[in-house]
$ cat model.tsv   # TSV, C-alpha atoms and all ligand atoms
chain	number	residue	atom	x	y	z
O	1	MET	CA	60.09	182.75	83.61
O	2	SER	CA	61.62	180.66	80.86
O	3	LYS	CA	59.41	178.50	78.69
O	4	PHE	CA	60.91	175.41	80.25
O	5	ALA	CA	60.39	176.63	83.81
O	6	LYS	CA	56.81	177.53	82.97
O	7	ARG	CA	56.18	174.06	81.55
O	8	MET	CA	57.63	172.47	84.70
O	9	ARG	CA	55.48	174.65	86.93
O	10	LYS	CA	52.38	173.76	84.89
O	11	ASN	CA	53.19	170.06	85.24
O	12	ILE	CA	53.41	170.35	89.02
O	13	LEU	CA	50.11	172.24	89.15
O	14	SER	CA	48.53	169.64	86.82
O	15	LEU	CA	49.47	166.92	89.28
O	16	ARG	CA	47.95	168.87	92.15
O	17	ILE	CA	44.75	169.40	90.20
O	18	SER	CA	44.34	165.77	89.24
O	19	ASN	CA	45.28	164.31	92.63
O	20	GLY	CA	44.32	166.88	95.24
O	21	THR	CA	41.21	167.52	97.29
O	22	VAL	CA	38.62	169.96	95.94
O	23	HIS	CA	40.34	172.73	97.90
O	24	ASP	CA	43.83	171.84	96.55
O	25	LYS	CA	42.48	171.55	93.02
O	26	LEU	CA	40.92	175.00	93.02
O	27	LYS	CA	43.96	176.54	94.71
O	28	ALA	CA	46.24	175.06	92.06
O	29	ALA	CA	43.82	176.25	89.35
O	30	LEU	CA	44.17	179.82	90.67
O	31	GLN	CA	47.95	179.45	90.51
O	32	VAL	CA	47.66	178.36	86.89
O	33	MET	CA	45.70	181.54	86.16
O	34	GLU	CA	48.35	183.62	87.96
O	35	LEU	CA	51.05	182.03	85.82
O	36	GLU	CA	49.05	182.57	82.66
O	37	TYR	CA	48.38	186.20	83.53
O	38	GLN	CA	52.07	186.95	84.19
O	39	ASP	CA	52.82	185.46	80.81
O	40	SER	CA	50.09	186.87	78.59
O	41	LYS	CA	48.80	189.88	80.59
O	42	ASN	CA	45.40	188.72	79.36
O	43	GLN	CA	42.80	190.43	81.54
O	44	ILE	CA	40.40	187.46	81.57
O	45	PHE	CA	42.74	185.57	83.93
O	46	ALA	CA	42.98	188.55	86.27
O	47	ASN	CA	39.17	188.79	86.24
O	48	ALA	CA	38.72	185.09	87.03
O	49	MET	CA	41.13	185.40	89.98
O	50	SER	CA	39.83	188.65	91.43
O	51	LYS	CA	36.67	187.36	93.13
O	52	PRO	CA	38.25	184.39	94.98
O	53	ARG	CA	41.02	186.72	96.13
O	54	SER	CA	38.63	189.07	97.85
O	55	CYS	CA	36.45	186.28	99.25
O	56	ASN	CA	35.89	186.43	103.01
O	57	ALA	CA	33.56	185.04	105.65
O	58	ILE	CA	31.34	188.11	105.68
O	59	ARG	CA	31.04	188.49	101.96
O	60	ARG	CA	31.35	185.27	100.00
O	61	CYS	CA	32.41	185.63	96.36
O	62	ASN	CA	30.40	182.70	94.92
O	63	SER	CA	32.96	182.28	92.16
O	64	PRO	CA	33.11	178.87	90.49
O	65	TRP	CA	36.89	179.03	91.01
O	66	CYS	CA	36.81	179.83	94.72
O	67	PRO	CA	38.37	177.09	96.92
O	68	ILE	CA	35.70	177.80	99.55
O	69	CYS	CA	32.56	178.83	97.64
O	70	ALA	CA	32.88	176.20	94.91
O	71	ASN	CA	33.60	173.49	97.44
O	72	PRO	CA	30.43	171.70	98.60
O	73	LYS	CA	32.39	170.27	101.54
O	74	SER	CA	32.96	173.69	103.03
O	75	SER	CA	29.30	174.60	102.60
O	76	LYS	CA	27.60	176.20	105.57
O	77	ALA	CA	24.16	176.25	103.98
O	78	LYS	CA	21.53	176.33	106.71
O	79	ARG	CA	18.24	174.60	106.22
O	80	LYS	CA	15.49	173.06	108.27
O	81	ALA	CA	16.67	170.29	110.54
O	82	SER	CA	14.58	167.52	108.92
O	83	THR	CA	16.46	165.02	106.80
O	84	THR	CA	13.81	163.58	104.49
O	85	ILE	CA	11.39	166.16	103.25
O	86	GLN	CA	9.61	164.61	100.35
O	87	SER	CA	9.33	160.88	100.06
O	88	ALA	CA	6.38	159.81	97.93
O	89	PRO	CA	5.64	160.70	94.30
O	90	TRP	CA	2.15	161.99	95.05
O	91	GLU	CA	3.42	164.37	97.67
O	92	THR	CA	3.73	167.87	96.41
O	93	VAL	CA	6.96	169.72	95.90
O	94	LYS	CA	7.58	172.39	98.48
O	95	PRO	CA	10.39	174.90	98.73
O	96	THR	CA	12.11	173.71	101.82
O	97	THR	CA	14.35	176.52	102.94
O	98	ASN	CA	13.11	179.32	105.10
O	99	THR	CA	16.39	181.06	105.69
O	100	LYS	CA	18.09	183.44	103.27
O	101	PRO	CA	21.17	181.56	102.16
O	102	THR	CA	24.24	183.48	101.09
O	103	GLU	CA	25.38	180.74	98.76
O	104	TYR	CA	24.55	181.19	95.11
O	105	ARG	CA	23.98	177.46	94.73
O	106	VAL	CA	21.26	177.39	97.39
O	107	ARG	CA	19.68	180.65	96.33
O	108	GLY	CA	19.66	179.53	92.69
O	109	GLY	CA	18.04	176.19	93.53
O	110	GLN	CA	15.50	177.81	95.78
O	111	ARG	CA	14.48	180.45	93.27
O	112	MET	CA	14.00	177.88	90.51
O	113	VAL	CA	12.06	175.37	92.61
O	114	GLU	CA	9.43	177.99	93.50
O	115	ALA	CA	7.79	177.53	90.08
O	116	PHE	CA	7.08	173.90	91.00
O	117	ASP	CA	5.55	174.76	94.36
O	118	GLU	CA	2.58	172.51	95.22
O	119	LEU	CA	2.93	170.37	92.08
O	120	PRO	CA	2.81	166.56	92.41
O	121	SER	CA	6.35	165.30	91.89
O	122	ILE	CA	5.14	162.61	89.47
O	123	VAL	CA	4.65	165.33	86.83
O	124	CYS	CA	7.95	167.10	87.61
O	125	HIS	CA	10.98	165.64	85.91
O	126	PRO	CA	14.65	166.46	86.51
O	127	ILE	CA	16.35	166.42	83.12
O	128	THR	CA	19.81	166.69	81.63
O	129	ILE	CA	20.39	167.29	77.92
O	130	ASN	CA	23.79	167.20	76.26
O	131	MET	CA	23.22	169.91	73.68
O	132	PHE	CA	26.31	170.93	71.72
O	133	LEU	CA	30.05	170.38	71.45
O	134	VAL	CA	31.83	173.72	71.40
O	135	ALA	CA	35.47	174.35	70.52
O	136	VAL	CA	37.36	175.98	73.41
O	137	ASN	CA	37.77	179.17	71.39
O	138	GLY	CA	34.02	179.32	70.78
O	139	CYS	CA	31.60	181.97	72.04
O	140	LEU	CA	29.17	180.78	74.69
O	141	ASN	CA	27.04	183.91	74.51
O	142	GLN	CA	26.17	182.93	70.93
O	143	ILE	CA	25.77	179.24	71.75
O	144	SER	CA	23.43	179.99	74.67
O	145	ARG	CA	21.16	181.94	72.32
O	146	LYS	CA	21.10	178.99	69.96
O	147	ALA	CA	20.43	176.66	72.91
O	148	ARG	CA	17.52	178.84	74.04
O	149	ARG	CA	15.92	178.56	70.60
O	150	ARG	CA	16.32	174.77	70.63
O	151	MET	CA	14.81	174.55	74.13
O	152	LEU	CA	11.83	176.69	73.09
O	153	ARG	CA	11.27	174.54	70.02
O	154	LEU	CA	11.21	171.51	72.32
O	155	LEU	CA	9.03	173.02	75.04
O	156	LYS	CA	6.40	174.18	72.55
O	157	LYS	CA	5.74	170.50	71.81
O	158	LEU	CA	4.70	169.87	75.41
O	159	THR	CA	1.24	170.18	76.95
O	160	LYS	CA	-0.15	173.68	77.50
O	161	GLY	CA	0.94	174.92	80.91
O	162	ALA	CA	4.32	173.19	80.88
O	163	ILE	CA	7.04	174.78	83.01
O	164	CYS	CA	10.79	174.53	82.73
O	165	ARG	CA	13.51	176.02	84.92
O	166	GLY	CA	17.19	175.30	84.73
O	167	LYS	CA	20.73	176.26	83.85
O	168	PHE	CA	23.01	175.92	80.89
O	169	ASP	CA	26.46	174.74	81.79
O	170	ILE	CA	29.66	173.51	80.20
O	171	ALA	CA	32.02	170.68	80.98
O	172	LEU	CA	35.30	169.97	79.23
O	173	MET	CA	35.54	166.56	77.61
O	174	TYR	CA	37.85	164.69	75.29
O	175	LEU	CA	36.12	164.21	71.95
O	176	ASP	CA	37.26	160.59	71.73
O	177	GLU	CA	35.95	159.76	75.22
O	178	LEU	CA	32.36	160.98	74.99
O	179	GLU	CA	29.85	158.79	76.76
O	180	PHE	CA	26.93	159.77	74.56
O	181	ASP	CA	26.16	159.88	70.84
O	182	LEU	CA	25.39	162.81	68.59
O	183	PRO	CA	23.95	162.60	65.08
O	184	ASP	CA	26.70	163.08	62.46
O	185	ASN	CA	25.43	166.52	61.44
O	186	GLU	CA	25.69	167.86	65.01
O	187	TRP	CA	29.42	167.26	65.37
O	188	PRO	CA	31.66	170.32	65.16
O	189	THR	CA	32.65	171.15	61.60
O	190	GLY	CA	35.87	169.50	60.48
O	191	ILE	CA	35.58	166.64	62.98
O	192	ASP	CA	35.05	163.11	61.72
O	193	PRO	CA	32.54	161.49	64.10
O	194	LYS	CA	34.00	158.06	63.31
O	195	SER	CA	37.48	158.94	64.55
O	196	PRO	CA	37.34	162.05	66.74
O	197	PRO	CA	40.69	163.44	67.92
O	198	HIS	CA	41.93	163.36	71.56
O	199	GLU	CA	41.08	167.00	72.06
O	200	LEU	CA	39.31	168.95	74.81
O	201	TYR	CA	35.96	170.42	73.79
O	202	ALA	CA	33.31	172.10	75.88
O	203	MET	CA	30.13	170.07	76.15
O	204	PHE	CA	27.31	172.56	76.43
O	205	HIS	CA	24.49	171.02	78.43
O	206	PHE	CA	21.27	171.81	80.23
O	207	HIS	CA	20.31	170.80	83.78
O	208	GLY	CA	16.79	171.55	84.86
O	209	VAL	CA	13.30	170.45	85.77
O	210	ILE	CA	10.32	170.16	83.44
O	211	PHE	CA	6.70	170.06	84.59
O	212	ASP	CA	4.15	168.78	82.12
O	213	PRO	CA	0.54	168.56	83.36
O	214	TYR	CA	-0.25	165.50	81.27
O	215	LEU	CA	2.70	163.55	79.89
O	216	ALA	CA	4.13	160.45	81.51
O	217	ARG	CA	7.88	160.47	82.06
O	218	ARG	CA	8.36	158.00	79.22
O	219	GLU	CA	6.38	160.15	76.76
O	220	LEU	CA	8.31	163.24	77.79
O	221	ARG	CA	11.60	161.43	77.32
O	222	GLU	CA	10.55	160.39	73.81
O	223	ILE	CA	9.74	163.97	72.82
O	224	ILE	CA	13.06	165.28	74.17
O	225	ALA	CA	15.03	162.43	72.62
O	226	HIS	CA	13.38	163.15	69.28
O	227	GLU	CA	14.50	166.77	69.43
O	228	PHE	CA	17.97	165.83	70.73
O	229	SER	CA	18.66	162.47	69.13
O	230	GLY	CA	21.62	160.28	70.01
O	231	ALA	CA	22.09	157.51	72.58
O	232	LYS	CA	22.47	158.66	76.22
O	233	ARG	CA	22.20	162.28	75.17
O	234	VAL	CA	19.08	162.92	77.19
O	235	CYS	CA	18.40	161.86	80.76
O	236	VAL	CA	14.96	162.21	82.35
O	237	ARG	CA	15.01	161.22	86.00
O	238	ARG	CA	12.42	160.61	88.64
O	239	ALA	CA	12.19	163.22	91.37
O	240	LYS	CA	13.09	161.38	94.53
O	241	GLY	CA	12.73	162.28	98.18
O	242	THR	CA	14.94	165.12	99.32
O	243	THR	CA	17.78	164.41	101.72
O	244	VAL	CA	19.82	167.05	103.50
O	245	LEU	CA	23.29	165.81	104.27
O	246	ASP	CA	25.21	166.81	107.40
O	247	ASP	CA	27.30	169.28	105.43
O	248	GLY	CA	24.19	171.15	104.29
O	249	THR	CA	24.21	169.73	100.77
O	250	MET	CA	20.74	168.87	99.57
O	251	CYS	CA	20.31	165.99	97.20
O	252	GLY	CA	17.69	163.83	95.58
O	253	GLY	CA	14.64	166.09	95.43
O	254	LEU	CA	13.85	168.85	92.97
O	255	GLN	CA	15.51	171.55	95.03
O	256	GLY	CA	18.59	169.39	95.50
O	257	TYR	CA	18.70	168.81	91.78
O	258	LEU	CA	18.34	172.49	90.98
O	259	GLU	CA	20.99	173.36	93.56
O	260	TYR	CA	23.27	170.92	91.82
O	261	ALA	CA	22.47	172.67	88.54
O	262	SER	CA	23.36	176.00	90.16
O	263	MET	CA	26.66	174.78	91.51
O	264	GLU	CA	28.65	175.79	88.40
O	265	LYS	CA	31.13	173.12	89.31
O	266	ARG	CA	34.32	172.85	87.33
O	267	GLU	CA	35.70	169.51	86.22
O	268	ILE	CA	39.37	170.12	85.56
O	269	SER	CA	41.04	166.79	86.34
O	270	PHE	CA	42.66	165.74	83.09
O	271	GLY	CA	45.95	164.31	84.32
O	272	MET	CA	48.94	166.18	82.89
O	273	ASP	CA	46.56	168.27	80.75
O	274	SER	CA	44.84	169.73	83.83
O	275	ALA	CA	46.66	173.08	83.79
O	276	ASP	CA	45.83	173.49	80.10
O	277	ALA	CA	42.23	172.59	80.87
O	278	VAL	CA	42.05	175.42	83.42
O	279	VAL	CA	43.37	177.89	80.84
O	280	LYS	CA	40.86	176.69	78.24
O	281	LEU	CA	37.98	176.77	80.69
O	282	VAL	CA	38.77	180.33	81.83
O	283	GLN	CA	39.00	181.41	78.20
O	284	ILE	CA	35.72	179.93	77.07
O	285	ASP	CA	33.95	180.87	80.31
O	286	SER	CA	34.82	184.52	79.71
O	287	THR	CA	32.57	184.49	76.63
O	288	TRP	CA	29.31	184.41	78.61
O	289	LYS	CA	27.72	185.82	81.75
O	290	ARG	CA	25.72	184.25	84.55
O	291	ALA	CA	22.52	185.64	82.99
O	292	ASN	CA	23.25	183.63	79.81
O	293	ARG	CA	23.09	180.47	81.88
O	294	ASN	CA	19.60	180.85	83.31
O	295	PHE	CA	16.70	179.34	81.44
O	296	SER	CA	13.07	179.77	82.30
O	297	PHE	CA	9.90	178.79	80.42
O	298	GLY	CA	6.26	178.97	81.46
O	299	LYS	CA	4.54	180.47	84.48
O	300	SER	CA	3.76	178.75	87.77
O	301	ILE	CA	0.24	177.25	87.77
O	302	SER	CA	-1.06	179.88	90.18
O	303	GLU	CA	-0.34	182.39	87.41
O	304	SER	CA	-1.23	180.30	84.37
O	305	GLY	CA	-4.41	178.89	85.93
O	306	ILE	CA	-3.67	175.42	84.56
O	307	ASN	CA	-5.64	172.65	86.24
O	308	ILE	CA	-4.05	169.31	86.90
O	309	SER	CA	-6.44	166.43	86.45
O	310	ARG	CA	-6.55	164.23	89.54
O	311	SER	CA	-7.57	161.21	87.50
O	312	ARG	CA	-4.57	161.73	85.21
O	313	ILE	CA	-2.26	161.83	88.23
O	314	ALA	CA	-3.85	158.59	89.46
O	315	VAL	CA	-3.18	156.94	86.07
O	316	LEU	CA	0.45	158.13	86.09
O	317	LEU	CA	0.97	156.86	89.65
O	318	ARG	CA	-0.52	153.49	88.80
O	319	GLN	CA	1.73	153.27	85.75
O	320	GLN	CA	4.76	154.10	87.86
O	321	HIS	CA	3.96	151.45	90.46
O	322	LEU	CA	3.46	148.96	87.71
O	323	ASP	CA	6.85	149.84	86.24
O	324	ASP	CA	8.42	149.48	89.68
O	325	VAL	CA	6.92	146.04	90.22
O	326	LYS	CA	7.86	144.98	86.69
O	327	ALA	CA	11.41	146.24	87.20
O	328	ASP	CA	12.00	143.69	89.94
O	329	ASN	CA	9.68	141.06	88.52
O	330	GLY	CA	12.46	138.50	88.69
O	331	LYS	CA	12.41	138.83	92.46
O	332	SER	CA	8.65	139.04	92.79
O	333	ILE	CA	6.57	136.28	94.29
O	334	PRO	CA	3.47	134.89	92.49
O	335	ALA	CA	1.23	137.30	94.40
O	336	GLU	CA	3.13	140.30	93.02
O	337	GLN	CA	3.13	138.83	89.54
O	338	PHE	CA	-0.62	138.53	89.84
O	339	ILE	CA	-0.84	142.22	90.69
O	340	VAL	CA	1.19	143.07	87.61
O	341	GLN	CA	-1.08	140.96	85.44
O	342	TRP	CA	-4.18	142.38	87.01
O	343	LEU	CA	-3.11	145.99	86.64
O	344	THR	CA	-1.92	145.40	83.09
O	345	PHE	CA	-4.86	143.40	81.79
O	346	ALA	CA	-7.71	144.35	84.14
O	347	ASP	CA	-9.59	146.21	81.41
O	348	GLU	CA	-9.39	143.20	79.12
O	349	TYR	CA	-10.48	140.80	81.84
O	350	LEU	CA	-13.44	142.93	82.76
O	351	GLU	CA	-14.37	143.32	79.11
O	352	CYS	CA	-14.25	139.53	78.89
O	353	VAL	CA	-16.60	139.15	81.83
O	354	LYS	CA	-19.00	141.70	80.35
O	355	ARG	CA	-19.07	139.91	77.02
O	356	ALA	CA	-19.49	136.60	78.79
O	357	ARG	CA	-22.66	137.84	80.50
O	358	THR	CA	-24.42	137.89	77.16
O	359	ASN	CA	-23.03	134.53	76.12
O	360	SER	CA	-23.56	131.60	78.48
O	361	ILE	CA	-21.07	129.34	76.69
O	362	SER	CA	-18.04	131.57	77.05
O	363	MET	CA	-18.91	132.47	80.65
O	364	ARG	CA	-17.67	129.08	81.74
O	365	HIS	CA	-14.48	129.66	79.82
O	366	VAL	CA	-13.94	133.06	81.44
O	367	CYS	CA	-14.56	131.64	84.89
O	368	ASN	CA	-12.00	128.94	84.34
O	369	PHE	CA	-9.53	131.48	83.09
O	370	LEU	CA	-10.03	133.83	86.02
O	371	TYR	CA	-9.80	130.93	88.45
O	372	ALA	CA	-6.48	129.87	86.91
O	373	LEU	CA	-5.18	133.39	87.15
O	374	HIS	CA	-6.41	133.75	90.70
O	375	SER	CA	-4.93	130.47	91.89
O	376	ASN	CA	-1.62	131.56	90.45
O	377	TRP	CA	-1.07	134.47	92.80
O	378	PHE	CA	-1.00	132.45	95.96
O	379	GLY	CA	1.18	129.82	94.32
O	380	SER	CA	1.56	126.78	96.49
O	381	ASP	CA	1.50	128.72	99.73
O	382	ILE	CA	-1.99	128.66	101.19
O	383	PHE	CA	-1.15	131.36	103.76
O	384	HIS	CA	-0.73	133.93	101.06
O	385	GLN	CA	-4.25	133.21	99.93
O	386	ILE	CA	-5.72	133.57	103.39
O	387	ASP	CA	-3.87	136.77	104.10
O	388	PHE	CA	-3.80	138.33	100.66
O	389	ILE	CA	-5.13	141.77	101.56
O	390	THR	CA	-3.16	142.14	104.79
O	391	TYR	CA	-0.08	140.89	103.02
O	392	PHE	CA	-0.31	143.54	100.34
O	393	LYS	CA	-1.31	146.34	102.60
O	394	ARG	CA	1.82	145.66	104.60
O	395	LYS	CA	4.24	144.88	101.79
O	396	LYS	CA	3.09	147.30	99.09
O	397	PRO	CA	0.69	149.75	100.72
O	398	GLU	CA	0.52	152.15	97.77
O	399	LEU	CA	-0.02	149.35	95.30
O	400	ALA	CA	-2.70	147.75	97.46
O	401	LYS	CA	-4.46	151.08	97.75
O	402	LEU	CA	-4.46	151.56	94.00
O	403	LEU	CA	-5.62	148.04	93.33
O	404	PHE	CA	-8.46	148.00	95.81
O	405	GLU	CA	-9.56	151.46	94.77
O	406	ARG	CA	-9.64	150.48	91.16
O	407	VAL	CA	-11.65	147.28	91.43
O	408	PRO	CA	-14.98	148.68	92.71
O	409	ASN	CA	-14.83	151.56	90.22
O	410	GLN	CA	-14.35	149.28	87.29
O	411	ILE	CA	-16.96	146.68	88.24
G	501	ZN	ZN	34.54	182.57	97.61

$ encode --input "model.tsv" --output "structure tokens"
Amino acid sequence: MSKFAKRMRKNILSLRISNGTVHDKLKAALQVMELEYQDSKNQIFANAMSKPRSCNAIRRCNSPWCPICANPKSSKAKRKASTTIQSAPWETVKPTTNTKPTEYRVRGGQRMVEAFDELPSIVCHPITINMFLVAVNGCLNQISRKARRRMLRLLKKLTKGAICRGKFDIALMYLDELEFDLPDNEWPTGIDPKSPPHELYAMFHFHGVIFDPYLARRELREIIAHEFSGAKRVCVRRAKGTTVLDDGTMCGGLQGYLEYASMEKREISFGMDSADAVVKLVQIDSTWKRANRNFSFGKSISESGINISRSRIAVLLRQQHLDDVKADNGKSIPAEQFIVQWLTFADEYLECVKRARTNSISMRHVCNFLYALHSNWFGSDIFHQIDFITYFKRKKPELAKLLFERVPNQI
């Protein structure tokens, strides 16, 4: 094939990759590899193509380039029939699949989530860290070793008993279109961070879940962001309830998150550069193995014998509810604002009352203050006052529970 004909063919395939369905994209990507192999006789393209070629219904290839295996829409993953498995933060995390899935994504997620079995989800945090920018001719085997060292350095700063499971992954990105910041000294050598070129680089990142028996999400985020500084470089999420979609995809919960991490999905839509992106991705991907991608730190608590303090969990839950109420404070009615104030300043108020007991003059002052605060929560609506407890039990049952549990303890 002439150079010109090859360029034309690549352009057509680029269009298919950037505009097609997942299936079309991956099919076109395989054709790019075919073209590249004919041209260069480079074995890495033949290797990347071989698994998808021999993929069949009995024996799935699980290749990240396979139009069927790497396509969540064609997933046949079988799981329990329930749709919402885990809905509240104090519910424990349970592996939710009892079948033996043939898909690598599901198996990978399932294996990793086992370490978090029976742990309250409030102390389990799905995280993503954008670690390094790697040139497309770089060596991922080497980078993954470096990444492992950085992760260990980070995890040693956490509370004893911490657990981490996850995957390293890469995604191609244009240097001038990054949506996160890196400190100047972490940019690839020879690149000016102030005016990066329009060039594809591999962004080496980590998807996983961290359990820390003590730290609040915010504290954990601070520690990670200190180790990996730069705006939007680190994302620490809240483990939400798990939902199984009709197509068998699991999302939201820890297992869903870890399945996502195991998906090894390939982003190759770069307009007319898509065919080149495929070539670059195959090249750089040939420099590491699946084993390089796995990351595991710490033993499950049944092995480590770490105890989780119930009172600490209660504090974390209260803090989270408070954050939730604060987050939509603009929408909250006076009664909810009162709850926020009470939960935030209860210790101070009670301290005030205690001090007032020994001082008859300030007692009057404290009473006036508490009355003002109290009258604020029902606002002008007398019905809220009459039905305060019922109202909260119905509207914010968890919050009401925490509040009414706390008051007798403290007084
Ligand atoms: Zn396949």

$ closest_residue --input "model.tsv" --among "O:Ala57, O:Ala277, O:Arg310, O:Ile44" --to "ligand ZN 501 (chain G)" --atoms "only C-alpha atoms and all ligand atoms"
O:Ala57

$ residues_near_ligand --input "model.tsv" --ligand "ligand ZN 501 (chain G)" --cutoff "6 Å" --atoms "only C-alpha atoms and all ligand atoms" --output "ChimeraX atom specification"
/O:52,55,60-63,66,68-69

$ closest_residue --input "model.tsv" --among "O:Phe228, O:Trp187, O:Tyr214, O:Phe297" --to "Val123 (chain O)" --atoms "only C-alpha atoms"
O:Tyr214

$ atom_distance --input "model.tsv" --atom1 "CA of Ala314 (chain O)" --atom2 "CA of Gly208 (chain O)"
24.8 Å

$ closest_residue --input "model.tsv" --among "O:Leu154, O:Ala46, O:Ile170, O:Ile163" --to "Phe132 (chain O)" --atoms "all atoms listed in the file"
O:Ile170

$ residues_around --input "model.tsv" --residues "Ile308 (chain O)" --least-positions-apart "5" --cutoff "9 Å" --atoms "only C-alpha atoms" --output "PyMOL selection string"
chain O and resi 119+213-214+313

$ write_last_selection --input "model.tsv" --atoms "C-alpha atoms" --output "short mmCIF file (atom, residue, chain, number, x, y, z; two decimals), in the frame of the given file"
data_model
loop_
_atom_site.label_atom_id
_atom_site.label_comp_id
_atom_site.auth_asym_id
_atom_site.auth_seq_id
_atom_site.Cartn_x
_atom_site.Cartn_y
_atom_site.Cartn_z
CA LEU O 119 2.93 170.37 92.08
CA PRO O 213 0.54 168.56 83.36
CA TYR O 214 -0.25 165.50 81.27
CA ILE O 313 -2.26 161.83 88.23
#

$ atom_distance --input "model.tsv" --atom1 "CA of Lys6 (chain O)" --atom2 "CA of Asp24 (chain O)"
19.6 Å

$ atom_distance --input "model.tsv" --atom1 "CA of Val282 (chain O)" --atom2 "CA of Lys25 (chain O)"
14.7 Å

$ closest_residue --input "model.tsv" --among "O:Arg105, O:Ile143, O:Leu26, O:Leu254" --to "Pro67 (chain O)" --atoms "all atoms listed in the file"
O:Leu26

$ closest_residue --input "model.tsv" --among "O:Arg165, O:Ala135, O:Arg218, O:Leu35" --to "Tyr201 (chain O)" --atoms "all atoms listed in the file"
O:Ala135
